[in-house]
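Notes follow the structure.
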Amino acid sequence: MAAAERPPVARPLAAAIRDAAGTGLLALGLSVPILALRLDQNINNEPYLRPRWDYVAIAVGLAFAARLAYLLIWPRLPSRTATTKRQPAGPAAASTRLAQALAVGGLILLVLYPLLALALTGRAGAIKWIDNFGIQIMIYVMLGWGLNIVVGLAGLLDLGYAAFYAVGAYSTALLVHNFGFGFWICLPLAGIFAALWGIMLGFPVLRLRGDYLAIVTLAFGEIIRLVLINWVPVTNGYAGISGIPRPTFFGLPFNDSEQGFAAFFGLEFTPLHRTIFLFYVILALALLTNWVTLRLRRLPVGRAWEALREDEIACRSLGINTTNTKLTAFALGAGFGGFAGSFFAARQGFISPESFTFMESAVVVAIVVLGGMGSQLGVAIAAVAMIGGTEILRELDWLKQVFGRDFEPTQYRMLLFGLAMVVVMIWKPRGLISTRQPSIFLRERRAIHAGLVKEGRG
Amino acid sequence: MSATDPVLAVEHLTMRFGGLVAIDDLSFSAARGEITAIIGPNGAGKTTVFNCTTGFYKPSSGRIVLSLGGPPAPQELDALTASGRRSRATAAGSIFLLERMPDYEVAARAKVARTFQNIRLFPGMTVLENLIVAQHNPLMRASGWTVLGLVGAHRYLAAEREAVERAQYWLEQTALTDRADDAAGDLPYGAQRRLEIARAMCTQPQLLCLDEPAAGLNPRETAGLTELLQSIRRSHALSILLIEHDMSVVMEISDHVVVLDYGQKIADGPPDSVRNDPKVIAAYLGVEDREVGEVEAEIAR
């Protein structure tokens, strides 16, 4: 019975990770002799051993992830009977476990993703897969997580989120050009500037509620974009700002010079290094956003956001300053948008107002709503589906064989995409993951059914 | 009549909504440590009095004084009224002019907690979360306005444990411990009423304002509520202001009853004298003033 007294979620996870690590070790032992070295011939027909450690890493990673997913989704029978005695394991418990397995598996997959792409598509293909899919999706995951604070937790519908993304990107570009700062100094400054803009916008706007708030934030997004277009002396208008330096690796630039990253580590120069590095930078930024959000949910400020979404008047009757609470949500969401914008500017090397249209805001809101408001995992899945989905549709050249040579799949991209969204909204009207996880529990963490959770009225 | 040590003194309160006068020159006081009930027919302005007291409405005119610790000296009160400030320390404790304060400050600083006629819980949050949110301000301070909490400082964790303990205490008092991890919106109606009281108590109020706590309860639940309110008053130093239609509750637990009709006070006194006041009876039965005598005679029979 003592086992059943323990918190039901944390223990199996730790045990599963230990178990999966053992499996990984086993995979390592097996794959080193089989995969690690390959006997090859060089140009002079001399045999030599070609190391393939990346293959080993992939095999070990896959074994670990598969074992972990298996353990978390199909829990061992004894522990299940132990819990059913006290409490029938409802669908909520199963979905919690599934969500956890997805989160852990997804994280492992993300860390291994560049290596996987490299192994599967070779050097030429990998840049496309890491950049167009990996980095692009991660930017939107980060934007989705940032907006999730505002829309999902605090229940404030913000349709102008691209404005803060733009503030972050342009802060970086302008700081670089006017003060010669590097990316790593611009990044925090861009976040701070965007947060300040969030507060500046928030003060007059947050007395509005619901639809009115949505309209005004939408207008704000357009104002920022129009200012960027028309304030030519500073922003260079439609022409945009180019020559934004790329992030460096502790001061080492990713170029083929003597001081470059490749030369320093004695590697052959390839643009792939930078792409992979950028992927890990945005991955780290997104995970930071996620960590901060999850942490804040368990702090008074996060609980106040959710309470605000549930009932603003009740919040005020409990002594919560709702204006300040809304402002913190707005500022924090804007700050993360600014980080993402700064990264975007450094990754592209060029920005123009075209990148910050209403469509950007709409896509990010769609990601949050599709994912399930307030659910971090749901937002991540929705970002993969939305951004990855549109990118995949670009690749559907084989459809030409079905519909004839004149068929251009990219033209139907948005149509298919809209259809998919309608289907998802019919099938899951409150988003992919609509249950809410409580931030604190006395005896047992039970997910809260979507029907009870309010969407917020601003 | 006025109490010698009022925790709340409402003086010449008037509230107009456009041409409608919801409260007309109302004065009454609630004694410290006692239960004061406000009764009256529907539309008499009871909830408006609550909304003015708790800062949700700005009264058109009048003064609402809340004193903590003990009665203020008259010159202290006059000085505060003249100064334009919201509160000041007094020899006995502190005084607040509630009509000058925004709603959240009334709750946070003047220590006035309230419940609502139509229950306002956080339905998508668990029962325990509802009670933790109620302790927002002390927890916010302990978390160093989030900074200390973000790094997991010991001070914050200790404060959170303490908050959970307080929540557990009130869960026990309201017989909700078994439902602590359920969504508040999943609770049956009577339990939601109790939870709203528990949540208000978690803010550690000096004055608890209950807006029709027995509405919609069955007789057994009503008896439980009466018991709860009496035990709260016994074991916690606080005063209660109560709006209630259920006369059995009012007569059983209140020390003092104020009767409103059409925004005006028509009676004020201990329950027994109010019960027999012909004006009150007339207001409830809806008769003309000249018929009051007849009604009185009927009751005597």
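Just remember, in the structure tokens the first chain shown is A, the second B, etc., residues are 1-based per chain, and ligands are 1-based in the order shown.
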
Using only C-alpha atoms, find each residue of chain A with at least one atom at most 6 Å away from an atom of chain B; report its shortest atom-to-atom pair and that distance in Å (one decimal), sort the rows by chain and rising residue number, and return the result as a tab-separated table.
```
residue	atom	partner	partner_atom	distance
A:Pro300	CA	B:Met140	CA	5.7
A:Glu310	CA	B:Phe122	CA	5.1
A:Ala314	CA	B:Arg120	CA	5.9
A:Arg316	CA	B:Tyr104	CA	4.6
A:Ser317	CA	B:Tyr104	CA	5.9
A:Leu318	CA	B:Ala134	CA	5.6
A:Gly319	CA	B:Tyr104	CA	4.0
A:Ile320	CA	B:Tyr104	CA	5.6
A:Asn321	CA	B:Tyr104	CA	5.8
A:Phe441	CA	B:Asp181	CA	5.8
A:Leu452	CA	B:Gly124	CA	4.9
A:Val453	CA	B:Gly124	CA	4.0
```

Can I get the selection written as a PDB file, in the first residue's frame, with C-alpha atoms?
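Below is the file out_4.pdb, written as the result:
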```
ATOM      1  CA  PRO A 300       0.985  33.060  -7.468  1.00  0.00           C
ATOM      2  CA  GLU A 310     -11.968  32.048 -14.981  1.00  0.00           C
ATOM      3  CA  ALA A 314     -13.974  37.047  -8.168  1.00  0.00           C
ATOM      4  CA  ARG A 316     -10.837  41.429  -7.528  1.00  0.00           C
ATOM      5  CA  SER A 317     -12.921  40.364  -4.550  1.00  0.00           C
ATOM      6  CA  LEU A 318      -9.880  38.374  -3.371  1.00  0.00           C
ATOM      7  CA  GLY A 319      -7.584  41.382  -3.496  1.00  0.00           C
ATOM      8  CA  ILE A 320      -5.836  40.603  -6.782  1.00  0.00           C
ATOM      9  CA  ASN A 321      -4.855  43.699  -8.729  1.00  0.00           C
ATOM     10  CA  PHE A 441      -2.871  18.996  -5.630  1.00  0.00           C
ATOM     11  CA  LEU A 452     -15.377  23.466 -17.051  1.00  0.00           C
ATOM     12  CA  VAL A 453     -12.401  25.570 -18.059  1.00  0.00           C
TER      13      VAL A 453
END
```

Just list the residues in segment 82-276 of chain B DSSP gives alpha helix (DSSP H) on the backbone, as a PyMOL selection string.
-> chain B and resi 82-83+103-108+127-133+136-142+147-150+154-173+189-202+219-235+247-253+271-275

*Can you tell me, as a ChimeraX atom specification, what residues are no more than 12 Å from Arg220 of chain B when counting only C-alpha atoms, ignoring any on the same chain fewer than 5 positions away?*
/B:190,214,225-227,249

Tell me which protein, DNA and RNA residues are within 8 Å of Arg38 of chain A, counting only C-alpha atoms, leaving out same-chain ones fewer than 4 positions away, and put them as a ChimeraX atom specification.
-> /A:49-52

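Residue nearest Trp305 of chain A within the list A:Val424, A:Leu226, A:Leu153, A:Leu208: A:Leu153 [criterion: smallest interatomic distance, only C-alpha atoms].
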
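You will find atom CA of Pro41 of chain B at 25.4 Å from atom CA of Ile313 of chain A.
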
As a check of understanding: the span from atom CA of Gly210 of chain A to atom CA of Leu157 of chain A is 6.8 Å

Counting only C-alpha atoms, closest pick from A:Gln411, A:Asn45, A:Ser375, A:Asn255 relative to Arg430 of chain A is A:Ser375

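Computed from the coordinates, the atom CA of Leu143 of chain A to atom CA of Ser361 of chain A distance equals 9.5 Å.
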
TODO: Within 12 Å of Thr222 of chain B, counting only C-alpha atoms, which residues show up once you throw out same-chain ones fewer than 3 positions away? Write them as a ChimeraX atom specification, please.
DONE: /B:190-191,193-194,212-219,225-229,244-250,252-253

Keeping N, CA and C atoms, export the residues of the selection given above as a short mmCIF file (atom, residue, chain, number, x, y, z; two decimals), in the first residue's frame.
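File produced: again.cif:
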```cif
data_model
loop_
_atom_site.label_atom_id
_atom_site.label_comp_id
_atom_site.auth_asym_id
_atom_site.auth_seq_id
_atom_site.Cartn_x
_atom_site.Cartn_y
_atom_site.Cartn_z
N GLY B 190 -24.60 23.14 -3.20
CA GLY B 190 -24.38 23.47 -1.79
C GLY B 190 -22.90 23.52 -1.45
N ALA B 191 -22.13 22.59 -2.02
CA ALA B 191 -20.69 22.56 -1.77
C ALA B 191 -20.02 23.78 -2.37
N ARG B 193 -21.36 26.73 -2.58
CA ARG B 193 -21.62 27.82 -1.63
C ARG B 193 -20.62 27.78 -0.48
N ARG B 194 -20.40 26.56 0.05
CA ARG B 194 -19.44 26.43 1.16
C ARG B 194 -18.03 26.80 0.72
N GLU B 212 -26.48 36.46 0.41
CA GLU B 212 -27.43 35.34 0.33
C GLU B 212 -26.75 33.97 0.33
N PRO B 213 -26.03 33.65 1.40
CA PRO B 213 -25.32 32.36 1.43
C PRO B 213 -26.26 31.16 1.46
N ALA B 214 -27.50 31.34 1.90
CA ALA B 214 -28.40 30.19 2.01
C ALA B 214 -29.30 30.03 0.79
N ALA B 215 -29.14 30.92 -0.20
CA ALA B 215 -30.02 30.85 -1.37
C ALA B 215 -29.82 29.53 -2.09
N GLY B 216 -30.90 28.82 -2.35
CA GLY B 216 -30.83 27.57 -3.09
C GLY B 216 -30.42 26.36 -2.29
N LEU B 217 -30.27 26.52 -0.98
CA LEU B 217 -29.88 25.38 -0.16
C LEU B 217 -31.12 24.68 0.39
N ASN B 218 -31.02 23.36 0.59
CA ASN B 218 -32.14 22.66 1.21
C ASN B 218 -32.05 22.83 2.73
N PRO B 219 -33.10 22.49 3.47
CA PRO B 219 -33.11 22.79 4.91
C PRO B 219 -31.90 22.22 5.65
N LEU B 225 -25.02 25.42 7.19
CA LEU B 225 -24.45 26.75 6.97
C LEU B 225 -24.51 27.58 8.25
N THR B 226 -25.67 27.54 8.92
CA THR B 226 -25.82 28.29 10.17
C THR B 226 -24.74 27.87 11.15
N GLU B 227 -24.54 26.56 11.25
CA GLU B 227 -23.53 26.05 12.16
C GLU B 227 -22.14 26.56 11.78
N LEU B 228 -21.86 26.52 10.46
CA LEU B 228 -20.55 26.97 9.97
C LEU B 228 -20.31 28.43 10.33
N LEU B 229 -21.33 29.27 10.08
CA LEU B 229 -21.15 30.69 10.34
C LEU B 229 -20.94 30.94 11.83
N GLU B 244 -29.63 38.13 3.57
CA GLU B 244 -30.26 36.83 3.54
C GLU B 244 -31.77 36.98 3.43
N HIS B 245 -32.37 36.09 2.67
CA HIS B 245 -33.82 36.07 2.57
C HIS B 245 -34.42 35.05 3.53
N ASP B 246 -33.61 34.04 3.87
CA ASP B 246 -34.13 32.96 4.72
C ASP B 246 -34.20 33.46 6.16
N MET B 247 -35.44 33.77 6.62
CA MET B 247 -35.60 34.41 7.92
C MET B 247 -35.16 33.51 9.06
N SER B 248 -35.24 32.17 8.86
CA SER B 248 -34.83 31.30 9.96
C SER B 248 -33.34 31.49 10.22
N VAL B 249 -32.55 31.65 9.15
CA VAL B 249 -31.12 31.88 9.33
C VAL B 249 -30.90 33.23 10.00
N VAL B 250 -31.55 34.25 9.46
CA VAL B 250 -31.34 35.61 9.98
C VAL B 250 -31.66 35.67 11.47
N GLU B 252 -31.86 33.32 13.62
CA GLU B 252 -31.08 32.45 14.49
C GLU B 252 -29.69 33.01 14.78
N ILE B 253 -29.03 33.55 13.76
CA ILE B 253 -27.62 33.87 13.98
C ILE B 253 -27.31 35.35 14.10
#
```

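Across B:Leu176, B:Cys52, B:Ala44, B:Cys209, the tightest approach to Leu241 of chain B is made by B:Cys209 when counting only C-alpha atoms.
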
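Excluding Gly349 of chain A itself and same-chain residues fewer than 5 positions from it, the residues having an atom within 9 Å of it are Ala173, Ile241, Ser242, Gly243, Ile244, Pro245, Arg246 and Phe344 of chain A, counting only C-alpha atoms.
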
- [ ] Could you give me, as a VMD selection string, the residues within 12 Å of Val363 of chain A, counting only C-alpha atoms and dropping anything in the same chain fewer than 3 positions from it?
- [x] chain A and resid 137 140 to 141 143 to 144 147 159 to 162 356 to 360 366 to 371 379 382 to 383 385 to 387 390 414 417 to 418 421
